[in-house]
Amino acid sequence: MSSNAATAAGKPGRWLLRTPAATSAARLFCFPYSGVGASMFNGWPRSIGEVEVCPIQLPGRENRIREGHYGSYADLAGALAEALLPHLDRPFAFFGHCAGALPAFETAALLAERGDPVPETLFVSAQVAPHDCPHDRFLDLGDDELRREIEFLTLSRGGEVYPPLVELGLAILREDLAANRDYRRPAPVSTMPFPITVLHWSQDAEVTQEQLRGWSRYADRVDFPVVDGGHYDFLSAPPQLQERLAAPFAAAVPR
C-alpha cells in the first residue's frame with residue numbers, strides 16, 4: 001500500500017460522503033469513475049427501497065482535495081477494505097461505472113482473499129473485464145480534449161463551467177487515468193465467491209456488449225442485463241437501473 005493510501009486508510013470517515021445509517025437494512029457502496037468524486041451520485045436517491053446508497057469519496061478531490069492521490073487500484077483497494085469493513089455488517093453490494101468498476105472489483109476480491117464479508121453482488125457498469133484492460137476512450141485524449149469532456153460532464157450534471165475548477169479537474173483526471181493505464185491483471189484461473197452483474201447501456205457508444213463478455217470468467221454466476229440509455233444516463237439513477245440494483249437484496253433483506 002502506498003504511503004498516501006496508508007495515511008488515508010487511518011481516516012475511515014473520509015471515505016464515505018456520509019456516515020451510513022445504523023438502521024439501514026442493506027448498503028450499496030458506489031465507486032466514482034475517473035476524474036470525479038462522490039458528488040457524481042448526487043442525482044441518486046438516498047436509498048433504493050431498503051438499500052441505503054453510500055457514495056465513496058476518493059482522496060485528492062472535493063472535500064479531500066488536500067490529500068494525495070490514492071496511487072494504484074491495488075493501493076486503493078487496500079485502503080478501502082480497511083475503511084469499509086466496519087460498515088459491512090449487513091448485506092451490501094458494490095457498484096462501479098466505467099473505470100469505477102475496477103477498484104470496486106479489486107476491493108471485493110481483496111475482501112474475499114482476506115476472508116472478510118463479500119458483496120451480495122458486484123455491479124459492473126460499462127467496463128470491460130480486468131484482463132482486457134486498459135480500455136478507456138479517455139486514455140487516448142490530449143489535454144484540450146479532456147478539458148472539453150470535463151466541461152461537458154459539468155454541464156450535464158447541472159453545473160457551471162469555471163475554468164480554474166476545470167484545470168483542477170484535469171489534474172485529478174490525469175492521475176486517475178495513469179492508474180487506469182497501469183492496471184494489469186491476468187485472466188483468472190479461479191472464480192470469485194460473489195456474483196457479478198455486468199450492465200450494458202443500450203445506447204452506449206464507448207463499450208459494446210460483446211466487449212463485456214470477459215467478465216464471464218470471474219464468477220460462477222455472471223449476468224449481462226441491458227439497461228436503456230447511454231453511457232452517462234446512470235447519473236440520474238433511472239428506474240430500470242434502480243430495479244436492477246435492488247434485485248440481489250430481495251432474499252437477503254428481511255421484510
# chains A, B, ... in the order shown; residues from 1 in each chain; ligands from 1
call {"tool": "select_by_dssp", "arguments": {"residues": "segment 162-239 of chain A", "states": "helix (DSSP H, G or I)", "output": "PyMOL selection string"}}
result
chain A and resi 163-182+210-217+233-236+239
call {"tool": "write_last_selection", "arguments": {"atoms": "C-alpha atoms", "output": "PDB file, in the first residue's frame"}}
result
ATOM      1  CA  PRO A 163     -12.027  27.484 -15.740  1.00  0.00           C
ATOM      2  CA  PRO A 164      -9.950  27.144 -12.511  1.00  0.00           C
ATOM      3  CA  LEU A 165     -12.105  24.177 -11.464  1.00  0.00           C
ATOM      4  CA  VAL A 166     -11.758  22.669 -14.931  1.00  0.00           C
ATOM      5  CA  GLU A 167      -7.962  22.833 -14.578  1.00  0.00           C
ATOM      6  CA  LEU A 168      -8.178  21.258 -11.126  1.00  0.00           C
ATOM      7  CA  GLY A 169     -10.390  18.521 -12.526  1.00  0.00           C
ATOM      8  CA  LEU A 170      -7.934  17.962 -15.351  1.00  0.00           C
ATOM      9  CA  ALA A 171      -5.075  17.404 -12.881  1.00  0.00           C
ATOM     10  CA  ILE A 172      -7.157  14.850 -10.968  1.00  0.00           C
ATOM     11  CA  LEU A 173      -8.253  13.148 -14.170  1.00  0.00           C
ATOM     12  CA  ARG A 174      -4.658  12.798 -15.375  1.00  0.00           C
ATOM     13  CA  GLU A 175      -3.685  10.946 -12.185  1.00  0.00           C
ATOM     14  CA  ASP A 176      -6.759   8.728 -12.313  1.00  0.00           C
ATOM     15  CA  LEU A 177      -6.079   7.876 -15.946  1.00  0.00           C
ATOM     16  CA  ALA A 178      -2.489   6.978 -15.030  1.00  0.00           C
ATOM     17  CA  ALA A 179      -3.853   4.430 -12.518  1.00  0.00           C
ATOM     18  CA  ASN A 180      -6.179   3.088 -15.203  1.00  0.00           C
ATOM     19  CA  ARG A 181      -3.399   2.914 -17.795  1.00  0.00           C
ATOM     20  CA  ASP A 182      -1.121   0.945 -15.439  1.00  0.00           C
ATOM     21  CA  GLU A 210     -19.604  -8.237 -26.647  1.00  0.00           C
ATOM     22  CA  GLN A 211     -16.608  -6.441 -25.105  1.00  0.00           C
ATOM     23  CA  LEU A 212     -18.118  -7.009 -21.666  1.00  0.00           C
ATOM     24  CA  ARG A 213     -18.258 -10.797 -22.029  1.00  0.00           C
ATOM     25  CA  GLY A 214     -14.814 -11.272 -20.491  1.00  0.00           C
ATOM     26  CA  TRP A 215     -16.425 -10.936 -17.058  1.00  0.00           C
ATOM     27  CA  SER A 216     -17.970 -14.404 -17.534  1.00  0.00           C
ATOM     28  CA  ARG A 217     -14.665 -15.890 -16.337  1.00  0.00           C
ATOM     29  CA  ASP A 233     -27.534   8.011 -18.122  1.00  0.00           C
ATOM     30  CA  PHE A 234     -26.665   6.187 -14.901  1.00  0.00           C
ATOM     31  CA  LEU A 235     -26.039   9.623 -13.330  1.00  0.00           C
ATOM     32  CA  SER A 236     -29.782  10.130 -12.864  1.00  0.00           C
ATOM     33  CA  PRO A 239     -35.916   3.384 -12.510  1.00  0.00           C
TER      34      PRO A 239
END
call {"tool": "residues_around", "arguments": {"residues": "Gly43 of chain A", "least_positions_apart": "3", "cutoff": "12 Å", "atoms": "only C-alpha atoms", "output": "short mmCIF file (atom, residue, chain, number, x, y, z; two decimals) with N, CA and C atoms, in the first residue's frame"}}
result
data_model
loop_
_atom_site.label_atom_id
_atom_site.label_comp_id
_atom_site.auth_asym_id
_atom_site.auth_seq_id
_atom_site.Cartn_x
_atom_site.Cartn_y
_atom_site.Cartn_z
N ALA A 38 -17.39 11.72 -5.06
CA ALA A 38 -18.66 11.13 -4.65
C ALA A 38 -19.87 11.95 -5.07
N SER A 39 -19.67 13.25 -5.35
CA SER A 39 -20.81 14.08 -5.73
C SER A 39 -21.42 13.67 -7.06
N MET A 40 -20.73 12.80 -7.81
CA MET A 40 -21.32 12.33 -9.06
C MET A 40 -22.60 11.54 -8.81
N ARG A 46 -31.26 8.72 -1.71
CA ARG A 46 -30.51 8.28 -0.53
C ARG A 46 -30.65 6.78 -0.30
N SER A 47 -31.75 6.22 -0.78
CA SER A 47 -31.95 4.78 -0.65
C SER A 47 -32.76 4.27 -1.84
N VAL A 53 -27.93 4.00 -0.22
CA VAL A 53 -26.90 4.35 -1.20
C VAL A 53 -25.75 5.05 -0.47
N PRO A 55 -22.23 6.65 -1.33
CA PRO A 55 -21.19 7.07 -2.27
C PRO A 55 -19.81 7.12 -1.61
N SER A 156 -23.64 18.62 -17.99
CA SER A 156 -24.65 17.55 -17.99
C SER A 156 -25.14 17.23 -16.58
N ARG A 157 -24.33 17.58 -15.56
CA ARG A 157 -24.74 17.36 -14.18
C ARG A 157 -25.38 18.61 -13.58
N GLY A 158 -25.65 19.60 -14.42
CA GLY A 158 -26.34 20.80 -13.95
C GLY A 158 -25.43 21.86 -13.37
N TYR A 232 -23.77 7.86 -19.98
CA TYR A 232 -23.85 8.69 -18.78
C TYR A 232 -25.24 8.74 -18.16
N ASP A 233 -26.16 7.96 -18.65
CA ASP A 233 -27.53 8.01 -18.12
C ASP A 233 -27.64 7.44 -16.71
N PHE A 234 -26.63 6.70 -16.27
CA PHE A 234 -26.67 6.19 -14.90
C PHE A 234 -26.65 7.32 -13.88
N LEU A 235 -26.17 8.51 -14.27
CA LEU A 235 -26.04 9.62 -13.33
C LEU A 235 -27.37 10.02 -12.70
N SER A 236 -28.47 9.77 -13.40
CA SER A 236 -29.78 10.13 -12.86
C SER A 236 -30.48 8.95 -12.19
N ALA A 237 -29.79 7.81 -12.09
CA ALA A 237 -30.36 6.61 -11.45
C ALA A 237 -31.76 6.30 -11.99
N PRO A 238 -31.89 6.02 -13.28
CA PRO A 238 -33.21 5.75 -13.85
C PRO A 238 -33.87 4.54 -13.18
#
call {"tool": "closest_residue", "arguments": {"among": "A:Glu149, A:Asp220, A:Asp204, A:Glu243", "to": "Ser125 of chain A", "atoms": "only C-alpha atoms"}}
result
A:Asp204
call {"tool": "closest_atom_pairs", "arguments": {"of": "segment 26-57 of chain A", "to": "segment 82-100 of chain A", "cutoff": "6 Å", "atoms": "only C-alpha atoms", "output": "CSV"}}
result
residue,atom,partner,partner_atom,distance
A:Ala26,CA,A:Pro91,CA,4.9
A:Arg27,CA,A:Phe92,CA,4.6
A:Leu28,CA,A:Ala93,CA,4.9
A:Phe29,CA,A:Phe94,CA,4.9
A:Cys30,CA,A:Phe95,CA,4.8
A:Phe31,CA,A:Gly96,CA,4.9
A:Pro32,CA,A:Gly100,CA,5.2
A:Tyr33,CA,A:Gly100,CA,4.1
call {"tool": "select_by_dssp", "arguments": {"residues": "segment 1-236 of chain A", "states": "strand (DSSP E or B)", "output": "PDB file with C-alpha atoms, in the first residue's frame"}}
result
ATOM      1  CA  LEU A  16     -17.824   7.978   2.567  1.00  0.00           C
ATOM      2  CA  ALA A  26     -28.562  -3.145   3.347  1.00  0.00           C
ATOM      3  CA  ARG A  27     -25.960  -0.911   1.720  1.00  0.00           C
ATOM      4  CA  LEU A  28     -24.869  -0.155  -1.819  1.00  0.00           C
ATOM      5  CA  PHE A  29     -21.346   1.293  -1.967  1.00  0.00           C
ATOM      6  CA  CYS A  30     -20.873   3.380  -5.124  1.00  0.00           C
ATOM      7  CA  PHE A  31     -17.440   3.979  -6.664  1.00  0.00           C
ATOM      8  CA  SER A  47     -31.954   4.777  -0.651  1.00  0.00           C
ATOM      9  CA  ILE A  48     -33.335   2.328  -3.183  1.00  0.00           C
ATOM     10  CA  VAL A  51     -30.974  -0.380   0.381  1.00  0.00           C
ATOM     11  CA  GLU A  52     -29.000   2.675   1.508  1.00  0.00           C
ATOM     12  CA  VAL A  53     -26.902   4.349  -1.200  1.00  0.00           C
ATOM     13  CA  CYS A  54     -23.368   5.010   0.123  1.00  0.00           C
ATOM     14  CA  PRO A  55     -21.188   7.075  -2.275  1.00  0.00           C
ATOM     15  CA  ILE A  56     -17.454   6.557  -1.797  1.00  0.00           C
ATOM     16  CA  PHE A  92     -24.104  -4.990   0.815  1.00  0.00           C
ATOM     17  CA  ALA A  93     -23.127  -4.614  -2.817  1.00  0.00           C
ATOM     18  CA  PHE A  94     -20.588  -2.606  -4.816  1.00  0.00           C
ATOM     19  CA  PHE A  95     -21.429  -0.510  -7.889  1.00  0.00           C
ATOM     20  CA  GLY A  96     -18.892   0.963 -10.271  1.00  0.00           C
ATOM     21  CA  HIS A  97     -19.424   2.593 -13.657  1.00  0.00           C
ATOM     22  CA  LEU A 122     -20.601  -6.700  -7.727  1.00  0.00           C
ATOM     23  CA  PHE A 123     -22.325  -4.364 -10.193  1.00  0.00           C
ATOM     24  CA  VAL A 124     -20.126  -3.561 -13.166  1.00  0.00           C
ATOM     25  CA  SER A 125     -21.473  -0.879 -15.497  1.00  0.00           C
ATOM     26  CA  MET A 192     -14.699 -15.140  -7.125  1.00  0.00           C
ATOM     27  CA  ILE A 196     -21.261 -10.268 -10.824  1.00  0.00           C
ATOM     28  CA  THR A 197     -23.898  -8.274 -12.689  1.00  0.00           C
ATOM     29  CA  VAL A 198     -22.479  -6.623 -15.805  1.00  0.00           C
ATOM     30  CA  LEU A 199     -24.694  -3.786 -17.030  1.00  0.00           C
ATOM     31  CA  HIS A 200     -24.660  -2.757 -20.664  1.00  0.00           C
ATOM     32  CA  TRP A 201     -26.332   0.508 -21.660  1.00  0.00           C
ATOM     33  CA  ALA A 219     -17.614 -15.774 -11.100  1.00  0.00           C
ATOM     34  CA  VAL A 222     -22.367 -13.595 -14.106  1.00  0.00           C
ATOM     35  CA  ASP A 223     -25.423 -11.859 -15.555  1.00  0.00           C
ATOM     36  CA  VAL A 226     -29.163  -4.482 -20.795  1.00  0.00           C
ATOM     37  CA  VAL A 227     -30.342  -1.138 -19.409  1.00  0.00           C
TER      38      VAL A 227
END
call {"tool": "atom_distance", "arguments": {"atom1": "atom CA of Tyr70 of chain A", "atom2": "atom CA of Phe105 of chain A"}}
result
15.9 Å
call {"tool": "atom_distance", "arguments": {"atom1": "atom CA of Gln203 of chain A", "atom2": "atom CA of Pro45 of chain A"}}
result
23.5 Å
